[in-house]
>>> print(open('structure_12.cif').read())   # mmCIF, C-alpha atoms and all ligand atoms
data_run
loop_
_atom_site.label_atom_id
_atom_site.label_comp_id
_atom_site.auth_asym_id
_atom_site.auth_seq_id
_atom_site.Cartn_x
_atom_site.Cartn_y
_atom_site.Cartn_z
CA MET A 637 120.47 13.77 -97.69
CA GLN A 638 123.07 16.38 -98.61
CA HIS A 639 122.07 20.00 -98.32
CA PRO A 640 122.45 21.65 -101.74
CA LYS A 641 123.20 25.14 -100.49
CA ARG A 642 126.09 24.21 -98.19
CA ALA A 643 129.59 24.84 -99.50
CA ALA A 644 130.97 22.28 -97.07
CA PRO A 645 129.28 19.65 -94.90
CA ASN A 646 128.42 19.88 -91.23
CA ILE A 647 129.66 17.03 -89.03
CA LEU A 648 128.30 16.16 -85.59
CA ILE A 649 130.66 14.47 -83.13
CA THR A 650 128.76 13.23 -80.11
CA GLY A 651 129.04 10.71 -77.25
CA THR A 652 129.12 10.43 -73.47
CA PRO A 653 131.36 12.95 -71.64
CA GLY A 654 134.97 11.73 -71.68
CA VAL A 655 134.83 9.57 -74.81
CA GLY A 656 137.22 11.90 -76.64
CA LYS A 657 135.06 14.25 -78.70
CA SER A 658 137.12 17.39 -78.17
CA THR A 659 140.41 15.53 -78.68
CA LEU A 660 139.17 14.31 -82.07
CA CYS A 661 137.47 17.57 -83.07
CA GLU A 662 140.55 19.66 -82.39
CA LYS A 663 142.70 17.48 -84.64
CA LEU A 664 139.98 17.23 -87.25
CA SER A 665 139.64 20.98 -87.37
CA GLU A 666 143.42 21.42 -87.71
CA THR A 667 143.57 18.83 -90.50
CA THR A 668 140.52 19.88 -92.50
CA GLY A 669 140.12 23.60 -91.81
CA LEU A 670 136.50 23.00 -90.79
CA LYS A 671 135.31 25.09 -87.86
CA TRP A 672 135.20 23.33 -84.47
CA LEU A 673 132.11 24.37 -82.51
CA GLU A 674 132.54 23.21 -78.93
CA ILE A 675 128.95 23.65 -77.81
CA SER A 676 129.57 23.66 -74.03
CA LYS A 677 132.03 26.51 -74.44
CA ILE A 678 129.82 28.42 -76.89
CA ALA A 679 126.83 28.09 -74.55
CA LYS A 680 128.85 29.51 -71.67
CA GLU A 681 130.35 32.36 -73.70
CA ASN A 682 126.95 33.39 -75.06
CA ASN A 683 125.08 33.25 -71.75
CA CYS A 684 122.95 30.29 -72.78
CA LEU A 685 123.28 28.61 -69.37
CA GLU A 686 120.52 29.06 -66.85
CA GLU A 687 120.35 28.05 -63.18
CA TYR A 688 122.63 25.35 -61.71
CA ASP A 689 120.97 21.93 -61.27
CA GLU A 690 122.18 20.47 -57.95
CA GLU A 691 121.09 16.92 -58.78
CA TYR A 692 122.91 16.73 -62.12
CA GLN A 693 125.74 19.05 -61.06
CA CYS A 694 125.56 21.11 -64.21
CA CYS A 695 123.79 24.18 -65.58
CA VAL A 696 120.51 24.01 -67.46
CA LEU A 697 120.89 24.97 -71.12
CA ASP A 698 118.71 27.58 -72.85
CA GLU A 699 118.38 25.52 -76.04
CA ASP A 700 116.36 28.05 -78.05
CA LYS A 701 118.88 30.80 -77.47
CA LEU A 702 121.79 28.51 -78.33
CA LEU A 703 120.19 27.19 -81.53
CA ASP A 704 119.11 30.64 -82.73
CA GLY A 705 122.66 31.87 -82.31
CA LEU A 706 124.07 28.96 -84.32
CA GLU A 707 121.59 28.95 -87.21
CA GLU A 708 123.52 31.25 -89.52
CA VAL A 709 126.91 29.59 -89.15
CA MET A 710 125.34 26.14 -89.53
CA SER A 711 123.47 27.07 -92.70
CA CYS A 712 126.79 28.13 -94.30
CA GLY A 713 128.26 24.66 -93.61
CA GLY A 714 131.82 23.65 -92.82
CA ASN A 715 131.32 23.03 -89.10
CA ILE A 716 132.28 20.28 -86.69
CA VAL A 717 129.80 20.33 -83.82
CA ASP A 718 131.09 18.80 -80.56
CA TYR A 719 128.48 18.04 -77.89
CA HIS A 720 127.51 15.27 -75.47
CA CYS A 721 123.83 15.32 -76.49
CA CYS A 722 122.46 15.31 -79.99
CA ASP A 723 118.65 15.42 -79.95
CA LEU A 724 118.41 19.18 -79.50
CA PHE A 725 119.85 20.07 -82.92
CA PRO A 726 117.70 20.28 -86.08
CA GLU A 727 118.10 17.16 -88.22
CA ARG A 728 118.72 19.27 -91.34
CA TRP A 729 121.94 20.70 -89.88
CA PHE A 730 124.04 17.55 -90.31
CA ASP A 731 125.41 15.55 -93.22
CA ILE A 732 126.96 12.92 -90.97
CA VAL A 733 126.96 11.99 -87.28
CA PHE A 734 129.73 10.17 -85.44
CA VAL A 735 129.10 8.70 -81.99
CA LEU A 736 132.35 8.03 -80.12
CA ARG A 737 132.38 4.97 -77.86
CA THR A 738 134.67 3.67 -75.10
CA ASP A 739 134.58 0.69 -72.79
CA ASN A 740 133.66 1.22 -69.14
CA THR A 741 137.14 0.85 -67.69
CA THR A 742 138.64 3.42 -70.06
CA LEU A 743 135.81 5.86 -69.48
CA TYR A 744 135.90 5.36 -65.71
CA ASP A 745 139.63 6.12 -65.58
CA ARG A 746 139.26 9.20 -67.76
CA LEU A 747 136.36 10.60 -65.71
CA VAL A 748 138.01 9.89 -62.35
CA GLY A 749 141.14 11.50 -63.81
CA ARG A 750 139.21 14.72 -64.39
CA GLY A 751 137.78 14.65 -60.85
CA TYR A 752 134.29 13.23 -61.43
CA SER A 753 132.81 11.25 -58.52
CA GLY A 754 129.50 10.12 -57.01
CA LYS A 755 126.31 10.50 -59.00
CA LYS A 756 127.95 12.43 -61.83
CA LEU A 757 130.49 9.65 -62.39
CA GLU A 758 127.86 6.89 -62.13
CA ASP A 759 125.42 8.65 -64.47
CA ASN A 760 128.05 9.08 -67.16
CA ILE A 761 129.26 5.48 -66.92
CA GLN A 762 125.66 4.26 -67.13
CA CYS A 763 125.01 6.54 -70.09
CA GLU A 764 127.82 4.75 -71.95
CA ILE A 765 126.80 1.25 -70.80
CA PHE A 766 123.24 1.78 -72.02
CA GLN A 767 124.56 3.44 -75.23
CA THR A 768 122.15 6.28 -74.56
CA ILE A 769 123.77 8.75 -76.96
CA LEU A 770 123.96 6.20 -79.78
CA GLU A 771 120.23 5.49 -79.36
CA GLU A 772 119.54 9.22 -79.22
CA ALA A 773 121.49 9.75 -82.46
CA ARG A 774 119.69 6.91 -84.21
CA ALA A 775 116.34 8.33 -83.10
CA SER A 776 117.20 11.88 -84.17
CA TYR A 777 118.95 11.39 -87.55
CA ALA A 778 118.66 9.08 -90.54
CA THR A 779 120.26 5.83 -89.37
CA GLU A 780 122.49 5.62 -92.48
CA ILE A 781 124.31 8.83 -91.51
CA VAL A 782 124.95 7.71 -87.89
CA HIS A 783 128.27 5.92 -87.31
CA GLU A 784 129.96 4.58 -84.18
CA LEU A 785 133.68 5.16 -83.68
CA SER A 786 135.78 3.32 -81.11
CA SER A 787 137.85 5.84 -79.12
CA HIS A 788 140.38 4.23 -76.76
CA THR A 789 143.91 4.75 -78.05
CA PRO A 790 146.00 7.22 -80.06
CA GLU A 791 145.93 4.67 -82.91
CA GLU A 792 142.14 4.73 -82.91
CA LEU A 793 142.21 8.53 -82.82
CA GLU A 794 144.39 8.47 -85.95
CA SER A 795 142.18 5.94 -87.78
CA ASN A 796 139.04 7.91 -86.86
CA LEU A 797 140.64 11.06 -88.25
CA GLN A 798 141.53 9.29 -91.47
CA ARG A 799 138.06 7.84 -91.83
CA ILE A 800 136.40 11.23 -91.44
CA CYS A 801 138.89 12.89 -93.82
CA LEU A 802 138.12 10.25 -96.47
CA TRP A 803 134.41 10.81 -96.03
CA LEU A 804 134.93 14.56 -96.36
CA GLN A 805 136.94 14.13 -99.57
CA GLN A 806 134.14 11.98 -100.97
CA TRP A 807 131.54 14.59 -100.01
CA PHE A 808 133.42 17.27 -101.98
CA ASN A 809 133.90 14.92 -104.96
CA ASP A 810 130.20 14.03 -105.01
CA THR A 811 129.13 17.65 -104.61
CA ASN A 812 131.43 18.90 -107.40
CA ASN A 813 130.24 16.17 -109.77
CA GLN A 814 126.57 16.97 -109.29
N1 LIG B 1 141.76 8.18 -78.69
C1 LIG B 1 142.20 8.47 -77.46
N2 LIG B 1 143.22 7.75 -76.93
C2 LIG B 1 143.66 8.02 -75.69
N3 LIG B 1 143.16 8.98 -74.88
C3 LIG B 1 142.16 9.73 -75.36
C4 LIG B 1 141.62 9.51 -76.66
N4 LIG B 1 140.63 10.40 -76.85
C5 LIG B 1 140.56 11.13 -75.73
N5 LIG B 1 141.46 10.75 -74.83
C6 LIG B 1 141.64 11.31 -73.48
O1 LIG B 1 140.41 11.17 -72.79
C7 LIG B 1 140.12 12.32 -72.01
C8 LIG B 1 138.77 12.89 -72.40
O2 LIG B 1 138.86 13.38 -73.74
P1 LIG B 1 138.01 14.64 -74.23
O3 LIG B 1 138.15 15.79 -73.30
O4 LIG B 1 138.38 14.83 -75.66
O5 LIG B 1 136.54 14.04 -74.11
P2 LIG B 1 135.14 14.74 -74.46
O6 LIG B 1 134.31 13.69 -75.10
O7 LIG B 1 135.37 15.99 -75.22
O8 LIG B 1 134.54 15.09 -73.03
P3 LIG B 1 133.40 16.21 -72.65
O9 LIG B 1 132.10 15.72 -73.18
O10 LIG B 1 133.37 16.24 -71.17
O11 LIG B 1 133.84 17.49 -73.26
C9 LIG B 1 141.31 13.28 -72.23
O12 LIG B 1 142.20 13.10 -71.15
C10 LIG B 1 141.93 12.80 -73.52
O13 LIG B 1 143.30 13.04 -73.57
MG MG B 2 134.87 17.97 -74.82
#
>>> encode(input="structure_12.cif", output="structure tokens", more="lines below")
Ligand SMILES: Nc1ncnc2c1ncn2[C@@H]1O[C@H](COP(=O)(O)OP(=O)(O)OP(=O)(O)O)[C@@H](O)[C@H]1O
Ligand SMILES: [Mg+2]
Amino acid sequence: MQHPKRAAPNILITGTPGVGKSTLCEKLSETTGLKWLEISKIAKENNCLEEYDEEYQCCVLDEDKLLDGLEEVMSCGGNIVDYHCCDLFPERWFDIVFVLRTDNTTLYDRLVGRGYSGKKLEDNIQCEIFQTILEEARASYATEIVHELSSHTPEELESNLQRICLWLQQWFNDTNNQ
């Protein structure tokens, strides 16, 4: 359901690390003027990261602190949220959710290329194989607003951009005609 008070919609771009969220969000933000919220970066900059977890080789997130800090900007609308999990955000924040997907070989090469190895590499590849983030999105948001996007090539990047821009145009048309 669209949120009546928002001047522009909020879009969630999610998916396993390495599927291309930030690559898409950066271009989408340039094209549309919507604000790109790269959650990992925002969490770090606002001291929302707690102790380092040796097993998962990442920091534990203080979700309450992060969400409180984002509430105001999200209620205004016009944001593209970029994060590799999606079940922590309030359902009401988003008008549409895109889950980026890649095949194992592509993802493996991208993650090895950025220096991932061992358990971290395996966990991320498994996450994509078991479509964990897609399931998480379907469980957390109305299924009709959750869409998968294939994210392997520059051509797919371009078609994903176009698809989201068309959706955005439609959102503004519908909202103005209400
Ligand atoms: N459509 C695409 N075609 C070709 N390469 C791509 C595409 N999308 C992303 N890539 C490449 O894949 C790598 C990972 O992309 P990116 O950093 O955007 O992923 P991410 O989902 O934001 O990862 P993280 O969750 O770790 O932030 C980068 O090297 C990027 O250039
Ligand atoms: Mg990223």
>>> residues_near_ligand(input="structure_12.cif", ligand="ligand LIG 1 (chain B)", cutoff="7 Å", atoms="only C-alpha atoms and all ligand atoms", output="PyMOL selection string")
chain A and resi 651-660+719-720+746+787-793
>>> residues_near_point(input="structure_12.cif", point="(143.0, 11.8, -91.5)", cutoff="12 Å", atoms="all atoms listed in the file", output="list in words")
Leu660, Cys661, Lys663, Leu664, Ser665, Glu666, Thr667, Thr668, Glu791, Glu792, Leu793, Glu794, Ser795, Asn796, Leu797, Gln798, Arg799, Ile800, Cys801, Leu802, Trp803, Leu804 and Gln805 of chain A
>>> residues_around(input="structure_12.cif", residues="Ala643 of chain A", least_positions_apart="2", cutoff="8 Å", atoms="all atoms listed in the file", output="list of chain:residue names")
A:Lys641, A:Pro645, A:Cys712, A:Gly713, A:Gly714
>>> atom_distance(input="structure_12.cif", atom1="atom CA of Val748 of chain A", atom2="atom CA of Leu702 of chain A")
29.4 Å
>>> atom_distance(input="structure_12.cif", atom1="atom CA of Ala778 of chain A", atom2="atom CA of Ala644 of chain A")
19.2 Å
>>> residues_around(input="structure_12.cif", residues="Ile732 of chain A", least_positions_apart="4", cutoff="9 Å", atoms="only C-alpha atoms", output="NGL selection string")
:A and (645-649 or 777 or 780-783)
>>> closest_residue(input="structure_12.cif", among="A:Leu697, A:Leu670, A:Arg774, A:Thr741", to="Glu727 of chain A", atoms="all atoms listed in the file")
A:Arg774
>>> closest_residue(input="structure_12.cif", among="A:Glu764, A:Glu691, A:Glu681, A:Glu708", to="Tyr744 of chain A", atoms="all atoms listed in the file")
A:Glu764
>>> atom_distance(input="structure_12.cif", atom1="atom CA of Lys677 of chain A", atom2="atom CA of Asp759 of chain A")
21.5 Å
>>> closest_residue(input="structure_12.cif", among="A:Glu772, A:Asp718, A:Asp739, A:Asp731", to="ligand MG 2 (chain B)", atoms="only C-alpha atoms and all ligand atoms")
A:Asp718
>>> residues_near_point(input="structure_12.cif", point="(120.7, 23.8, -72.0)", cutoff="7 Å", atoms="only C-alpha atoms", output="ChimeraX atom specification")
/A:684-685,696-699
>>> write_last_selection(input="structure_12.cif", atoms="C-alpha atoms", output="tab-separated table (two decimals), in the frame of the given file")
chain	number	residue	atom	x	y	z
A	684	CYS	CA	122.95	30.29	-72.78
A	685	LEU	CA	123.28	28.61	-69.37
A	696	VAL	CA	120.51	24.01	-67.46
A	697	LEU	CA	120.89	24.97	-71.12
A	698	ASP	CA	118.71	27.58	-72.85
A	699	GLU	CA	118.38	25.52	-76.04
>>> residues_around(input="structure_12.cif", residues="Ala773 of chain A", least_positions_apart="3", cutoff="8 Å", atoms="all atoms listed in the file", output="ChimeraX atom specification")
/A:722-723,733,735,769-770,776-777,782
>>> closest_residue(input="structure_12.cif", among="A:Ser676, A:Ser711, A:Thr811, A:Asn760", to="Pro726 of chain A", atoms="all atoms listed in the file")
A:Ser711
>>> closest_residue(input="structure_12.cif", among="A:Leu673, A:Leu703, A:Ile761, A:Met710", to="ligand MG 2 (chain B)", atoms="only C-alpha atoms and all ligand atoms")
A:Leu673
